[in-house]
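Asks: Below you will find the structure I want to go over with you.
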Amino acid sequence: MEERDKHILRKTSARSRSFILQLSVLLPTLALVSGILAITLWIAAPQTAATQPAVEVSKADDLRPLYAVAEDIAEGKRLADSSCATCHGARGISSMSGVPHLAGQRPAYLYLELKAYQSGARGVSAMNNAVKFLSDDALVKVAAYFASLDPVQGTGTDAAKAGPEKPDPVQAGKTAAAACGGCHGETGTSKTPGMPSLAGLDPNYLVAAMKAYKAGQRKNDMMKSLLASVTDPDMSNIALYYATQKPARAQTATPGDPAAGKSAAAACAGCHGDQGVSGNPATPSLAGQDAQYLAATLRTYKDGSRSDETMKGLAASLDDNAMKNLSAYYATQQPQAPNVRKPLTVAEWVERCDRCHGVNGNSTDPRLPALAGQRADYLTKVLHDYRTGARRSPQMLAMSDVLTEADVDNLAAYYARQHARAFVYVIVPSK
Ligand code: HEC
Ligand code: HEC
Ligand code: HEC
Ligand code: HEC
């Protein structure tokens, strides 16, 4: 045994009654004893908390399943066979959609979740009745039993069904916007008088505008029919595509007097920004926009055919000449890209998730769930649950509310495909 490990052993047995051995790194001596190849030390003592991920150190109680002995596990198995196998499968390998595999899941995590179902903290599901009448002792034992099993590998999972990785949303948006380029310009900068540029507009505004056309609130029969078959996810992708293109001034003529427009624009700056670059996603930027479109739009606000109370009031006092000048001023301003976070790739996400969930989702903390080899449908479901708040966890809310639909599907499929490794722990007798 290496000197470092001997030291840890001495220190640990002197201070606490047990420590946990876990699969991961090669330690030949121990491998001989246990017949297992990969082992690292994980010490269940508070002084190592600093090396663990940023998760609150739970009460020692939460780690009780780690101390289970063979007799406890045998009792856990009896309970599992009679009360859990109908849904979670024999030996914790589920073949039911929406029901997670439990085999090889981390022991303290299982126990904590069972308590969460019991207290109602994890919402309403088939689990509430399954655990309602179980004693705390029974929860400890059944958790220890499932944790001791070999996790499912490859063929047993529904990972294959999860399908190929979804393309990244910007790419998907480009594809979905193929039919729009003829009028709006390929990268969203208009070359046609009367057609608005879409680059430089906030994606929230673009989505709202598309939905308003589709629902008929914003009246334009042509845009309505063009968007009729475009789905909500496609609209988000299209908006993201245009928002991530480099904006430029529309390549169209600017009739009117920009200097006269500039002084009139003082009344607009509060909402549309000093040079027509808006800081508010609900208010469109005007900088670099096609002048003819701007003037036509002001007319439609004035005559009420485009309904917006704020803009109607403002446009009411403008005559045709003032509209033209304002439009010329804004059209000659330099547009800017909206402040949009470029979406992370699956690999970039995984790197973040693995900080807590272990390499490729093989958690090395008994309180944190392994994701490797878990059912993709279940992973998708719980990620949605975190986002909607149906399942509450401060760490996971922070992670999941920024995920797109495509991210959720991709991450669920990714982790379902990973090789799941078991969690092995032994009890060291006290001195
Ligand atoms: C009637 C079907 C059913 C039975 C019986 C059942 N479960 Fe479940 N179990 C589920 C479903 C469905 C979920 C997922 C619920 C959710 O999304 O929160 C689940 C989730 C769990 C989880 C959470 C796993 C995770 O990765 O977060 C644990 C732990 C669990 N069950 C343990 C048990 C144990 C132990 C028993 C037996 C005492 C049992 N279940 C009996 C259907 C069942
Ligand atoms: C045949 C030409 C044409 C095509 C093709 C077209 N549009 Fe349009 N689009 C227009 C015109 C004209 C307007 C201005 C309509 C109005 O006055 O409200 C417009 C307005 C818009 C607006 C509102 C812009 C703003 O500043 O408020 C959005 C968003 C939009 N289109 C998106 C799309 C998308 C997405 C597609 C492809 C699915 C598309 N358009 C295809 C001509 C077109
Ligand atoms: C109180 C805030 C406010 C002020 C002041 C304001 N706007 Fe607006 N403007 C908006 C909002 C909000 C919208 C989006 C309304 C909608 O969805 O139709 C808008 C939309 C527009 C549009 C349509 C842009 C597009 O891409 O379709 C134009 C053009 C416009 N405003 C011009 C002006 C001008 C010119 C002035 C000054 C005379 C002005 N606005 C003052 C809030 C304001
Ligand atoms: C800061 C640490 C942290 C990070 C980073 C993190 N998680 Fe979690 N994750 C947790 C904790 C803690 C739980 C258990 C929470 C609970 O009890 O509901 C959890 C639970 C989960 C679960 C539920 C597992 C099950 O069996 O029910 C899934 C799925 C999950 N995380 C996926 C992810 C994904 C995907 C990412 C990256 C986008 C991620 N996590 C990033 C801490 C983290």
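By order in the structure tokens, chains are A, B, ...; within a chain, residues start at 1; ligands start at 1, following the order shown.
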Against ligand 1, which residues of chain A fall within 9 Å? For each one I want the closest pair of atoms and the distance in Å (one decimal), counting only C-alpha atoms and all ligand atoms, rows by chain and increasing residue number, as CSV.
Replies:
```
residue,atom,partner,partner_atom_place_in_ligand_line,distance
A:Gly76,CA,ligand 1,35 (C),8.6
A:Leu79,CA,ligand 1,38 (C),6.5
A:Ala80,CA,ligand 1,37 (C),5.4
A:Asp81,CA,ligand 1,37 (C),8.2
A:Ser82,CA,ligand 1,37 (C),7.9
A:Ser83,CA,ligand 1,37 (C),4.7
A:Cys84,CA,ligand 1,37 (C),3.4
A:Ala85,CA,ligand 1,5 (C),6.8
A:Thr86,CA,ligand 1,5 (C),5.8
A:Cys87,CA,ligand 1,2 (C),4.3
A:His88,CA,ligand 1,7 (N),6.0
A:Gly92,CA,ligand 1,33 (C),8.9
A:Met96,CA,ligand 1,12 (C),8.5
A:Ser97,CA,ligand 1,12 (C),8.2
A:Gly98,CA,ligand 1,12 (C),5.6
A:Val99,CA,ligand 1,12 (C),4.4
A:Pro100,CA,ligand 1,26 (O),5.7
A:His101,CA,ligand 1,26 (O),7.0
A:Leu102,CA,ligand 1,24 (C),6.3
A:Gln105,CA,ligand 1,26 (O),7.2
A:Tyr109,CA,ligand 1,27 (O),7.6
A:Leu110,CA,ligand 1,29 (C),4.4
A:Tyr111,CA,ligand 1,29 (C),6.7
A:Leu112,CA,ligand 1,29 (C),8.0
A:Glu113,CA,ligand 1,29 (C),5.4
A:Leu114,CA,ligand 1,29 (C),5.3
A:Lys115,CA,ligand 1,29 (C),8.9
A:Tyr117,CA,ligand 1,18 (O),7.9
A:Arg122,CA,ligand 1,18 (O),6.3
A:Gly123,CA,ligand 1,18 (O),7.1
A:Val124,CA,ligand 1,18 (O),7.5
A:Ser125,CA,ligand 1,15 (C),5.5
A:Ala126,CA,ligand 1,1 (C),4.7
A:Met127,CA,ligand 1,7 (N),4.8
A:Asn128,CA,ligand 1,7 (N),8.4
A:Asn129,CA,ligand 1,1 (C),7.9
A:Ala130,CA,ligand 1,41 (C),4.9
A:Val131,CA,ligand 1,38 (C),5.5
A:Leu134,CA,ligand 1,38 (C),7.6
A:Ala138,CA,ligand 1,38 (C),8.5
A:Leu139,CA,ligand 1,35 (C),6.8
A:Val142,CA,ligand 1,35 (C),5.6
A:Ala143,CA,ligand 1,35 (C),6.4
A:Phe146,CA,ligand 1,35 (C),7.8
A:Pro369,CA,ligand 1,26 (O),6.6
A:Ala370,CA,ligand 1,26 (O),8.1
A:Leu371,CA,ligand 1,26 (O),8.2
A:Gln374,CA,ligand 1,26 (O),8.1
A:Tyr378,CA,ligand 1,17 (O),6.9
A:Leu379,CA,ligand 1,26 (O),8.6
A:Lys381,CA,ligand 1,17 (O),6.7
A:Val382,CA,ligand 1,17 (O),5.9
A:Asp385,CA,ligand 1,17 (O),7.9
A:Arg391,CA,ligand 1,18 (O),7.6
```
Asks: Suppose we keep N, CA and C atoms; can you now write the selection as a short mmCIF file (atom, residue, chain, number, x, y, z; two decimals), in the first residue's frame?
Replies:
```cif
data_model
loop_
_atom_site.label_atom_id
_atom_site.label_comp_id
_atom_site.auth_asym_id
_atom_site.auth_seq_id
_atom_site.Cartn_x
_atom_site.Cartn_y
_atom_site.Cartn_z
N GLY A 76 -32.90 -5.86 2.96
CA GLY A 76 -33.26 -4.90 1.93
C GLY A 76 -33.71 -5.61 0.66
N LEU A 79 -37.31 -6.92 0.97
CA LEU A 79 -38.28 -5.83 0.79
C LEU A 79 -38.37 -5.43 -0.69
N ALA A 80 -37.21 -5.31 -1.32
CA ALA A 80 -37.18 -4.90 -2.73
C ALA A 80 -37.93 -5.90 -3.60
N ASP A 81 -37.70 -7.19 -3.37
CA ASP A 81 -38.35 -8.21 -4.19
C ASP A 81 -39.87 -8.16 -4.03
N SER A 82 -40.31 -7.89 -2.80
CA SER A 82 -41.75 -7.93 -2.59
C SER A 82 -42.43 -6.61 -2.93
N SER A 83 -41.74 -5.47 -2.75
CA SER A 83 -42.45 -4.18 -2.88
C SER A 83 -41.96 -3.27 -4.01
N CYS A 84 -40.80 -3.51 -4.55
CA CYS A 84 -40.25 -2.55 -5.52
C CYS A 84 -40.09 -3.16 -6.92
N ALA A 85 -39.89 -4.49 -6.97
CA ALA A 85 -39.53 -5.14 -8.24
C ALA A 85 -40.61 -4.98 -9.31
N THR A 86 -41.90 -4.88 -8.90
CA THR A 86 -42.96 -4.76 -9.91
C THR A 86 -42.71 -3.56 -10.82
N CYS A 87 -42.18 -2.50 -10.28
CA CYS A 87 -41.92 -1.32 -11.12
C CYS A 87 -40.43 -1.20 -11.50
N HIS A 88 -39.56 -1.38 -10.51
CA HIS A 88 -38.13 -1.11 -10.76
C HIS A 88 -37.40 -2.32 -11.34
N GLY A 92 -33.28 -4.22 -9.63
CA GLY A 92 -33.18 -2.77 -9.83
C GLY A 92 -32.97 -2.31 -11.24
N MET A 96 -39.50 -0.22 -17.48
CA MET A 96 -40.72 0.58 -17.57
C MET A 96 -40.38 2.03 -17.84
N SER A 97 -41.06 2.59 -18.82
CA SER A 97 -40.82 3.98 -19.15
C SER A 97 -41.11 4.88 -17.95
N GLY A 98 -40.23 5.83 -17.68
CA GLY A 98 -40.42 6.77 -16.57
C GLY A 98 -39.99 6.25 -15.21
N VAL A 99 -39.65 4.96 -15.13
CA VAL A 99 -39.20 4.39 -13.86
C VAL A 99 -37.69 4.21 -13.91
N PRO A 100 -36.97 4.82 -12.98
CA PRO A 100 -35.50 4.77 -13.07
C PRO A 100 -34.91 3.42 -12.68
N HIS A 101 -33.75 3.11 -13.24
CA HIS A 101 -32.94 2.00 -12.73
C HIS A 101 -32.46 2.41 -11.34
N LEU A 102 -32.40 1.47 -10.44
CA LEU A 102 -31.85 1.75 -9.11
C LEU A 102 -30.54 1.01 -8.87
N GLN A 105 -27.04 2.60 -7.99
CA GLN A 105 -27.18 4.02 -7.66
C GLN A 105 -26.53 4.28 -6.29
N TYR A 109 -27.68 8.79 -1.64
CA TYR A 109 -28.63 9.46 -2.52
C TYR A 109 -29.99 8.74 -2.51
N LEU A 110 -29.95 7.41 -2.66
CA LEU A 110 -31.19 6.62 -2.68
C LEU A 110 -31.98 6.85 -1.39
N TYR A 111 -31.27 6.79 -0.28
CA TYR A 111 -31.91 6.96 1.02
C TYR A 111 -32.55 8.35 1.13
N LEU A 112 -31.81 9.38 0.72
CA LEU A 112 -32.32 10.75 0.79
C LEU A 112 -33.56 10.92 -0.09
N GLU A 113 -33.54 10.30 -1.26
CA GLU A 113 -34.70 10.42 -2.16
C GLU A 113 -35.91 9.70 -1.58
N LEU A 114 -35.68 8.53 -0.97
CA LEU A 114 -36.79 7.80 -0.37
C LEU A 114 -37.43 8.64 0.73
N LYS A 115 -36.59 9.32 1.51
CA LYS A 115 -37.14 10.19 2.55
C LYS A 115 -37.91 11.36 1.92
N TYR A 117 -39.56 11.29 -0.92
CA TYR A 117 -40.88 10.80 -1.35
C TYR A 117 -41.80 10.68 -0.14
N ARG A 122 -40.77 15.37 -2.87
CA ARG A 122 -40.49 15.10 -4.28
C ARG A 122 -41.78 14.95 -5.07
N GLY A 123 -42.80 15.65 -4.64
CA GLY A 123 -44.03 15.69 -5.43
C GLY A 123 -44.82 14.40 -5.37
N VAL A 124 -45.74 14.29 -6.29
CA VAL A 124 -46.67 13.17 -6.28
C VAL A 124 -46.32 12.22 -7.41
N SER A 125 -46.09 10.95 -7.08
CA SER A 125 -45.84 9.94 -8.11
C SER A 125 -46.19 8.59 -7.52
N ALA A 126 -45.97 7.55 -8.32
CA ALA A 126 -46.24 6.19 -7.87
C ALA A 126 -45.45 5.87 -6.61
N MET A 127 -44.40 6.64 -6.35
CA MET A 127 -43.52 6.37 -5.23
C MET A 127 -44.13 6.69 -3.86
N ASN A 128 -45.06 7.63 -3.83
CA ASN A 128 -45.59 8.04 -2.53
C ASN A 128 -46.19 6.87 -1.77
N ASN A 129 -47.01 6.07 -2.47
CA ASN A 129 -47.63 4.92 -1.82
C ASN A 129 -46.62 3.83 -1.53
N ALA A 130 -45.64 3.69 -2.43
CA ALA A 130 -44.66 2.61 -2.27
C ALA A 130 -43.84 2.75 -0.99
N VAL A 131 -43.66 3.97 -0.53
CA VAL A 131 -42.79 4.15 0.64
C VAL A 131 -43.52 4.64 1.89
N LEU A 134 -43.14 2.57 5.16
CA LEU A 134 -41.86 1.94 5.48
C LEU A 134 -41.15 2.70 6.61
N ALA A 138 -36.04 0.44 7.30
CA ALA A 138 -36.29 -0.27 6.04
C ALA A 138 -35.75 0.53 4.86
N LEU A 139 -35.89 1.86 4.92
CA LEU A 139 -35.38 2.70 3.84
C LEU A 139 -33.87 2.57 3.73
N VAL A 142 -33.09 -0.97 2.18
CA VAL A 142 -33.42 -1.14 0.77
C VAL A 142 -32.50 -0.27 -0.09
N ALA A 143 -32.13 0.90 0.41
CA ALA A 143 -31.18 1.77 -0.31
C ALA A 143 -29.83 1.06 -0.43
N PHE A 146 -30.05 -1.80 -3.12
CA PHE A 146 -29.99 -1.37 -4.53
C PHE A 146 -28.60 -0.84 -4.89
N PRO A 369 -26.38 11.59 -7.19
CA PRO A 369 -26.76 10.48 -8.07
C PRO A 369 -25.79 10.27 -9.23
N ALA A 370 -25.55 8.99 -9.55
CA ALA A 370 -24.88 8.66 -10.80
C ALA A 370 -25.90 8.86 -11.91
N LEU A 371 -25.46 9.30 -13.07
CA LEU A 371 -26.34 9.47 -14.22
C LEU A 371 -26.03 8.43 -15.30
N GLN A 374 -28.38 5.49 -16.78
CA GLN A 374 -29.77 5.68 -16.36
C GLN A 374 -30.67 5.75 -17.61
N TYR A 378 -36.32 8.71 -18.28
CA TYR A 378 -36.38 9.19 -16.89
C TYR A 378 -35.53 10.45 -16.71
N LEU A 379 -34.32 10.47 -17.27
CA LEU A 379 -33.46 11.65 -17.15
C LEU A 379 -34.14 12.88 -17.74
N LYS A 381 -37.34 13.35 -18.07
CA LYS A 381 -38.46 13.73 -17.21
C LYS A 381 -37.98 14.55 -16.00
N VAL A 382 -36.94 14.05 -15.30
CA VAL A 382 -36.56 14.76 -14.08
C VAL A 382 -35.91 16.11 -14.39
N ASP A 385 -38.70 18.27 -14.61
CA ASP A 385 -39.25 18.49 -13.26
C ASP A 385 -38.47 19.57 -12.51
N ARG A 391 -39.80 19.21 -9.03
CA ARG A 391 -38.79 18.61 -8.17
C ARG A 391 -37.82 19.73 -7.81
#
```
Asks: May I ask you to write as a VMD selection string all residues lying at most 7 Å from ligand 4, with only C-alpha atoms and all ligand atoms counted?
Replies: chain A and resid 53 to 55 100 113 349 to 350 352 to 357 368 to 371 379 382 to 383 391 to 393 395 to 396 399 to 400 411 to 412
Asks: Select, from A:Lys166, A:Arg375, A:Arg387, A:Lys302, the residue with the minimum atom-to-atom distance to Ala420 of chain A, counting only C-alpha atoms.
Replies: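 The answer is A:Arg375, which sits nearest to Ala420 of chain A.
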Asks: Would you kindly return, as a count of residues only, each protein, DNA or RNA residue with an atom no farther than 12 Å from any atom of Gly304 of chain A, considering only C-alpha atoms and excluding same-chain residues fewer than 2 positions away?
Replies: 20
Asks: Within 8 Å of ligand 3 (counting only C-alpha atoms and all ligand atoms), which residues show up? I'd like them as number ranges by chain.
Replies: A: 196, 201, 205, 208-209, 218, 264-272, 282-286, 289, 293-295, 297-298, 301, 306-308, 310-311, 314-315, 318, 323, 326-327
Asks: Could you give me the residues within 7 Å of ligand 2, counting only C-alpha atoms and all ligand atoms, as a short mmCIF file (atom, residue, chain, number, x, y, z; two decimals) with C-alpha atoms, in the first residue's frame?
Replies:
```cif
data_model
loop_
_atom_site.label_atom_id
_atom_site.label_comp_id
_atom_site.auth_asym_id
_atom_site.auth_seq_id
_atom_site.Cartn_x
_atom_site.Cartn_y
_atom_site.Cartn_z
CA ALA A 176 -35.50 26.29 -40.52
CA ALA A 177 -34.86 29.82 -41.81
CA ALA A 179 -37.24 29.97 -46.70
CA CYS A 180 -36.87 33.39 -45.06
CA GLY A 181 -33.58 34.51 -46.61
CA GLY A 182 -35.13 35.48 -49.95
CA CYS A 183 -36.88 38.44 -48.33
CA HIS A 184 -34.99 39.05 -45.07
CA GLY A 194 -39.84 47.18 -47.34
CA MET A 195 -38.43 43.97 -45.91
CA PRO A 196 -37.16 44.24 -42.34
CA SER A 197 -33.69 43.04 -41.32
CA LEU A 198 -33.90 40.39 -38.58
CA LEU A 206 -38.36 37.95 -32.80
CA VAL A 207 -40.23 35.03 -31.22
CA ALA A 209 -43.31 38.89 -33.44
CA MET A 210 -43.52 35.47 -35.13
CA ARG A 218 -50.19 41.26 -35.81
CA LYS A 219 -51.97 41.40 -39.11
CA ASN A 220 -50.01 40.31 -42.14
CA MET A 223 -46.22 36.33 -42.74
CA LEU A 226 -45.27 31.67 -44.05
CA LEU A 227 -45.19 30.87 -40.33
CA VAL A 230 -43.26 26.69 -38.17
CA MET A 235 -39.20 29.73 -33.89
CA ILE A 238 -34.72 30.76 -35.99
CA PRO A 284 -37.05 46.34 -30.86
CA TYR A 293 -40.12 49.22 -43.44
CA THR A 297 -44.62 50.44 -39.71
#
```
Asks: Which value, in Å to one decimal, gives the distance between atom CA of Ala291 of chain A and atom CA of Ser225 of chain A?
Replies: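 These atoms are spaced 24.7 Å apart.
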Asks: Which neighbours of Thr231 of chain A fall inside 10 Å, counting only C-alpha atoms, when residues of the same chain fewer than 5 positions from it are skipped, and could you give them as a CSV table (one decimal) with N, CA and C atoms, in the first residue's frame?
Replies:
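Writing the result to out_35.csv gives the following:
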```
chain,number,residue,atom,x,y,z
A,176,ALA,N,-34.1,25.9,-40.5
A,176,ALA,CA,-35.5,26.3,-40.5
A,176,ALA,C,-35.7,27.6,-41.2
A,211,LYS,N,-44.9,34.8,-33.3
A,211,LYS,CA,-46.1,34.3,-32.7
A,211,LYS,C,-47.3,35.2,-32.9
A,236,SER,N,-37.9,29.4,-31.9
A,236,SER,CA,-36.8,29.8,-30.9
A,236,SER,C,-35.4,29.6,-31.7
A,237,ASN,N,-35.3,28.5,-32.4
A,237,ASN,CA,-34.1,28.3,-33.1
A,237,ASN,C,-33.8,29.4,-34.2
```
